[in-house]
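A.B. asks: Can you keep this structure in mind? I'll have questions shortly.
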Amino acid sequence: MRKTQVRITKVLPIVLSKSIKKLPEFQGFPVGHYSYSMFTLACTNPVMFKIRYVNGDVIDTTTSVSAVLGNAVHKALQAYLGGEEDYVTPAEEGEAIKHGHARGLEYLNAYSDGFISWTEAMPTRAKLEEKYAFCYFGYIKDFQYQKRAKKVLIVDKMLKYRVEVEGQNLPIPLKGAPDFVYEDYEGRVCIEDHKITGLYSKDEDIDGSKLIQAAFMYFLVYAETGKVPYSITFREFKSTKNNPCKKDKCKESHDPQGCHSQTKPFRFVYSEIPILFELFYRLYGDITDLLMGKAVFLPNVRAMFEKEVSILAYIYRLDVGEERNQAFKRMKVENLTDFLKEKIQKEGSLKKYMETVEASFISASTLNYKDMKIEERIKMKMAEHGLGIEFHSKVEGYSVDLYRYEPSIGVKMSKIEAYSKDIEQVVEVSGIRILAPIADSGLIGYEVPRTDRRFPTSKPKGDGFNLAIGIDIQGNEKRIDIREAPHMLVCGSSGSGKSIFLNCLIEQLLRNNQVELHLFDPKQVELFQYEGRKGVVQYAFDHEEINTSLEGLVLEMESRYSTLKKLRVKNIEGTDMKYKIVIIDEYADLVVRGEIGNSIQLLAQKGRACGIHLIIATQRASTKIVSGDIKINFLTKVIFKVSKAIDSRVVIDEDGAEKLLGKGDMLLSTADGIVRLQGYNL
Ligand SMILES: Nc1ncnc2c1ncn2[C@@H]1O[C@H](COP(=O)(O)OP(=O)(O)OP(=O)(O)O)[C@@H](O)[C@H]1O
Ligand SMILES: [Mg+2]
């Protein structure tokens with residue numbers, strides 16, 4: 001399988017800030033610097049990016065009214081905070097606020113109506129001015145930077161630096177103006193960006209344009225101040241008034257005075273998101289390549305759907321760019337345009353060519369699943385849901401076949417599992433268990449029950465203490481050392497195969513003359529055939545007798561402990577004591593009658609060292625029977641088919657046993673994980 005190299009750069013790269021002056025300009029390059037809006041545009045609209053930045057064409061279009069509003073508030077805040085070059089901001093707070101307001105208005109008034117594209121929410125200049133005042137004064141009210149800032153470092157100043165980072169080649173200078181940079185009371189350099197917004201960002205959002213901006217600001221502020229920036233906060237002010245909400249009930253993290261605030265901070269702490277630098281370096285390289293005429297793949301950071309997937313796939317080099325480039329190489333494509341021209345000529349017209357291309361994509365409506373093999377059906381169904389998986393291999397087992405797939409870029413494991421019903425529908429088999437991923441591999445698996453189910457014909461080959469449990473999908477016998485296990489819980493609904501399984505263990509244990517078996521059979525019909533066999537020291541079905549015997553075993557355990565102490569040994573190995581294996585078929589029967597006391601508990605906790613091991617089987621997977629204490633002490637769990645997923649979770653903490661097929665089809669759960677096995681039938 002192709003392994004994807006994931007490299008996360010440590011934060012805090014070395015930046016030699018002022019070296020720009022000493023270094024020669026990057027010769028003959030279409031642009032003189034990079035800015036974060038250029039990067040975002042390159043990612044969202046590469047054609048427009050080239051038109052604007054390479055051709056230098058300024059296309060005069062109208063500006064959206066919300067952008068005009070945002071710019072005006074920015075201008076006003078810059079003036080209020082004293083960041084202007086040609087005006088001096090009054091020292092007195094009230095005057096400074098007024099000064100800022102006037103400068104913002106001035107900006108608005110310089111914008112003529114015709115260049116603004118108005119919206120229903122802001123249809124007129126009067127409305128725009130009203131919103132502007134609401135946003136500016138509201139922002140300042142919530143802003144209260146004096147509470148956070150010990151010292152203001154930068155206010156809206158245009159910075160341009162060529163930065164150098166160890167291991168990265170960044171020849172084009174970066175340019176940008178941070179809105180507000182300060183040192184907080186803990187001496188950390190914090191960057192803030194004023195944002196006027198219609199909707200707050202969600203805390204869990206991965207927002208590509210914010211990431212890009214954060215990286216630019218990091219480098220520029222680092223270069224300007226010589227200090228490593230700690231965080232960047234996008235201070236979002238909502239331009240429409242929030243509904244007042246009850247403070248104690250509100251879950252929003254508005255800042256700073258609770259819910260009535262219109263401002264919400266969205267903060268990145270640089271040391272927590274090294275992914276940001278990974279994204280930045282890649283974009284830097286790719287956009288430079290783009291400007292040098294190479295074909296590159298860029299993530300659409302503003303895509304409506306799956307933008308996170310697009311960004312992550314890109315950062316982790318999971319994009320198709322490399323593969324596509326290889327394909328181009330194979331086809332000897334040097335220039336995409338020429339390549340397409342040739343194709344079109346061959347087909348006769350662009351329209352015809354598009355039809356051929358179209359035909360090479362399969363649409364869900366034309367899919368005929370009935371004609372496909374199972375491996376294709378699964379792949380196609382997932383493709384229908386937008387999840388790319390490639391068939392890898394098939395392993396034929398006794399009760400199920402395992403179809404293994406390699407997931408392609410950006411495929412979330414949790415999504416894979418969500419489509420189990422859809423897969424069952426196209427494969428026309430129910431009970432398909434999905435392994436996403438298959439333990440210890442990069443693959444995902446679909447366990448499809450076979451129509452011609454087979455059973456092992458061989459006998460369990462376990463010897464000594466190594467008991468054969470069942471056969472795995474590869475046909476290998478899975479064994480467990482009962483001394484290490486050290487106690488085993490067997491669960492499954494009626495008829496699923498518990499008793500047959502216990503028989504299989506007993507047969508193997510009887511081959512070992514160091515073992516004594518105590519068989520407890522409250523149902524009276526499951527284990528009676530072993531009564532009197534050599535090695536079976538006790539067979540009991542009467543509840544009282546079982547209870548007394550268990551108490552006897554506890555006493556035996558205590559006396560064994562004192563013997564071990566006298567002999568100064570840690571366990572019974574090398575002594576003449578025999579291993580005692582206590583097997584109970586239908587443990588729940590005893591618990592429900594309340595007769596079992598705490599002997600099981602005591603034996604489970606301490607039995608191991610003195611050679612007393614428990615194997616208990618039960619139909620019931622309720623938490624009353626499979627209690628927390630039982631789960632902790634019974635490290636080995638064998639679960640057969642159960643009726644509900646919740647039963648599976650009670651026993652093995654995972655879904656899956658509800659998909660089993662019965663008749664000895666089981667999941668074995670140990671510290672090594674969970675494997676599906678087919679049990680032997682004696
Ligand atoms: N490993 C196996 N291979 C083939 N068939 C099996 C296997 N295990 C169980 N079966 C079939 O399933 C039937 C029921 O199995 P078993 O008696 O072990 O169920 P159980 O879980 O003990 O049920 P109950 O809880 O009702 O006692 C068996 O009679 C047999 O036909
Ligand atoms: Mg049974």
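Chains: A, B, ... in order of the structure tokens. Residues: from 1 per chain. Ligands: from 1, in order shown.
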With only C-alpha atoms and all ligand atoms counted, collect every polymer residue having an atom within 9 Å of ligand 1; state the result as a PyMOL selection string.
C.D. replies: chain A and resi 454-456+470+491-504+523+525-526+585-586+617-620+640-641+662-665+678-682
A.B. asks: Would you list the contacts of range 101-112 of chain A as number ranges by chain, taking every protein, DNA or RNA residue within 7 Å and counting only C-alpha atoms, but skipping same-chain residues closer than 6 positions in sequence?
C.D. replies: A: 72-73, 75-76, 79
A.B. asks: Give me the residues within 9 Å of Leu77 in chain A as a ChimeraX atom specification, counting only C-alpha atoms and dropping any in the same chain fewer than 6 places off.
C.D. replies: /A:83,97,100-101,103-104,136,139-140,179,194
A.B. asks: What's the separation between CA of Tyr281 in chain A and CA of Ile212 in chain A, in Å to one decimal place?
C.D. replies: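 If I compute the distance from CA of Tyr281 in chain A to CA of Ile212 in chain A, I get 10.2 Å.
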A.B. asks: Excluding range 229-241 of chain A and residues on its chain fewer than 6 positions from it, collect all residues at most 8 Å away from it, counting only C-alpha atoms, and give them as number ranges by chain.
C.D. replies: A: 131, 134-135, 139, 188-200, 214, 218, 221-222, 262-271
A.B. asks: Would you give me, as a list in words, the residues in range 561-650 of chain A that DSSP reads as strand (DSSP E)?
C.D. replies: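 For range 561-650 of chain A, the strand (DSSP E) set is Tyr579, Lys580, Ile581, Val582, Ile583, Ile584, Asp585, Ile612, His613, Leu614, Ile615, Ile616, Ala617, Thr618, Thr636, Lys637, Val638 and Ile639 of chain A.
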A.B. asks: Hey, can you spit out that residue selection with C-alpha atoms as a CSV table (one decimal), in the first residue's frame?
C.D. replies:
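Output below, filename again-v3.csv:
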chain,number,residue,atom,x,y,z
A,579,TYR,CA,-4.6,-26.2,37.9
A,580,LYS,CA,-8.3,-25.9,38.6
A,581,ILE,CA,-10.5,-24.7,35.8
A,582,VAL,CA,-14.0,-23.8,36.9
A,583,ILE,CA,-16.6,-23.8,34.1
A,584,ILE,CA,-20.1,-22.5,34.5
A,585,ASP,CA,-22.6,-22.8,31.7
A,612,ILE,CA,-7.7,-21.3,39.7
A,613,HIS,CA,-9.2,-20.1,36.5
A,614,LEU,CA,-12.8,-19.3,35.6
A,615,ILE,CA,-14.7,-19.7,32.3
A,616,ILE,CA,-18.2,-18.5,32.6
A,617,ALA,CA,-20.9,-18.5,29.9
A,618,THR,CA,-24.1,-16.5,29.8
A,636,THR,CA,-10.7,-12.6,27.6
A,637,LYS,CA,-14.1,-12.3,26.2
A,638,VAL,CA,-15.7,-14.5,23.6
A,639,ILE,CA,-18.9,-13.1,22.2
A.B. asks: Find the distance between CA of Leu602 in chain A and CA of Val554 in chain A and write it in Å to one decimal.
C.D. replies: 7.1 Å
A.B. asks: Leaving out Ser622 in chain A and any residue of its chain fewer than 6 positions from it, which residues lie within 10 Å of it when counting only C-alpha atoms, given as a list in words?
C.D. replies: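 So, after excluding close chain neighbours, the residues are Ala588, Ile646, Asp647, Ser648, Val650 and Val651 of chain A.
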A.B. asks: Could the residues in this selection be saved with N, CA, C and O atoms as an mmCIF file, in the first residue's frame?
C.D. replies:
data_model
loop_
_atom_site.group_PDB
_atom_site.id
_atom_site.type_symbol
_atom_site.label_atom_id
_atom_site.label_comp_id
_atom_site.auth_asym_id
_atom_site.auth_seq_id
_atom_site.Cartn_x
_atom_site.Cartn_y
_atom_site.Cartn_z
ATOM 1 N N ALA A 588 -25.773 -16.535 34.406
ATOM 2 C CA ALA A 588 -26.874 -15.627 34.761
ATOM 3 C C ALA A 588 -27.883 -16.318 35.672
ATOM 4 O O ALA A 588 -28.426 -15.700 36.585
ATOM 5 N N ILE A 646 -26.278 -3.004 21.330
ATOM 6 C CA ILE A 646 -25.990 -2.583 22.702
ATOM 7 C C ILE A 646 -25.422 -3.736 23.532
ATOM 8 O O ILE A 646 -24.534 -3.546 24.351
ATOM 9 N N ASP A 647 -25.904 -4.961 23.256
ATOM 10 C CA ASP A 647 -25.370 -6.127 23.971
ATOM 11 C C ASP A 647 -23.894 -6.303 23.643
ATOM 12 O O ASP A 647 -23.073 -6.633 24.509
ATOM 13 N N SER A 648 -23.580 -6.089 22.389
ATOM 14 C CA SER A 648 -22.196 -6.203 21.947
ATOM 15 C C SER A 648 -21.326 -5.182 22.685
ATOM 16 O O SER A 648 -20.241 -5.488 23.161
ATOM 17 N N VAL A 650 -21.890 -3.830 25.588
ATOM 18 C CA VAL A 650 -21.761 -4.164 27.012
ATOM 19 C C VAL A 650 -20.576 -5.105 27.221
ATOM 20 O O VAL A 650 -19.791 -4.944 28.142
ATOM 21 N N VAL A 651 -20.424 -6.059 26.308
ATOM 22 C CA VAL A 651 -19.399 -7.075 26.521
ATOM 23 C C VAL A 651 -18.029 -6.652 25.998
ATOM 24 O O VAL A 651 -17.024 -6.747 26.695
#
A.B. asks: Using only C-alpha atoms and all ligand atoms, pick whichever of A:Ala645, A:Leu435, A:Ala604, A:Leu527 has the shortest atom-to-atom distance to ligand 2.
C.D. replies: A:Leu527
A.B. asks: Just the number, please: distance in Å from CA of Val537 in chain A to CA of Gly594 in chain A, one decimal.
C.D. replies: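 According to the coordinates, CA of Val537 in chain A and CA of Gly594 in chain A are separated by 25.3 Å.
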A.B. asks: So which residues touch Ala609 in chain A within 8 Å, counting only C-alpha atoms, skipping near sequence neighbours fewer than 3 positions away, as a PyMOL selection string?
C.D. replies: chain A and resi 570-572+606+612
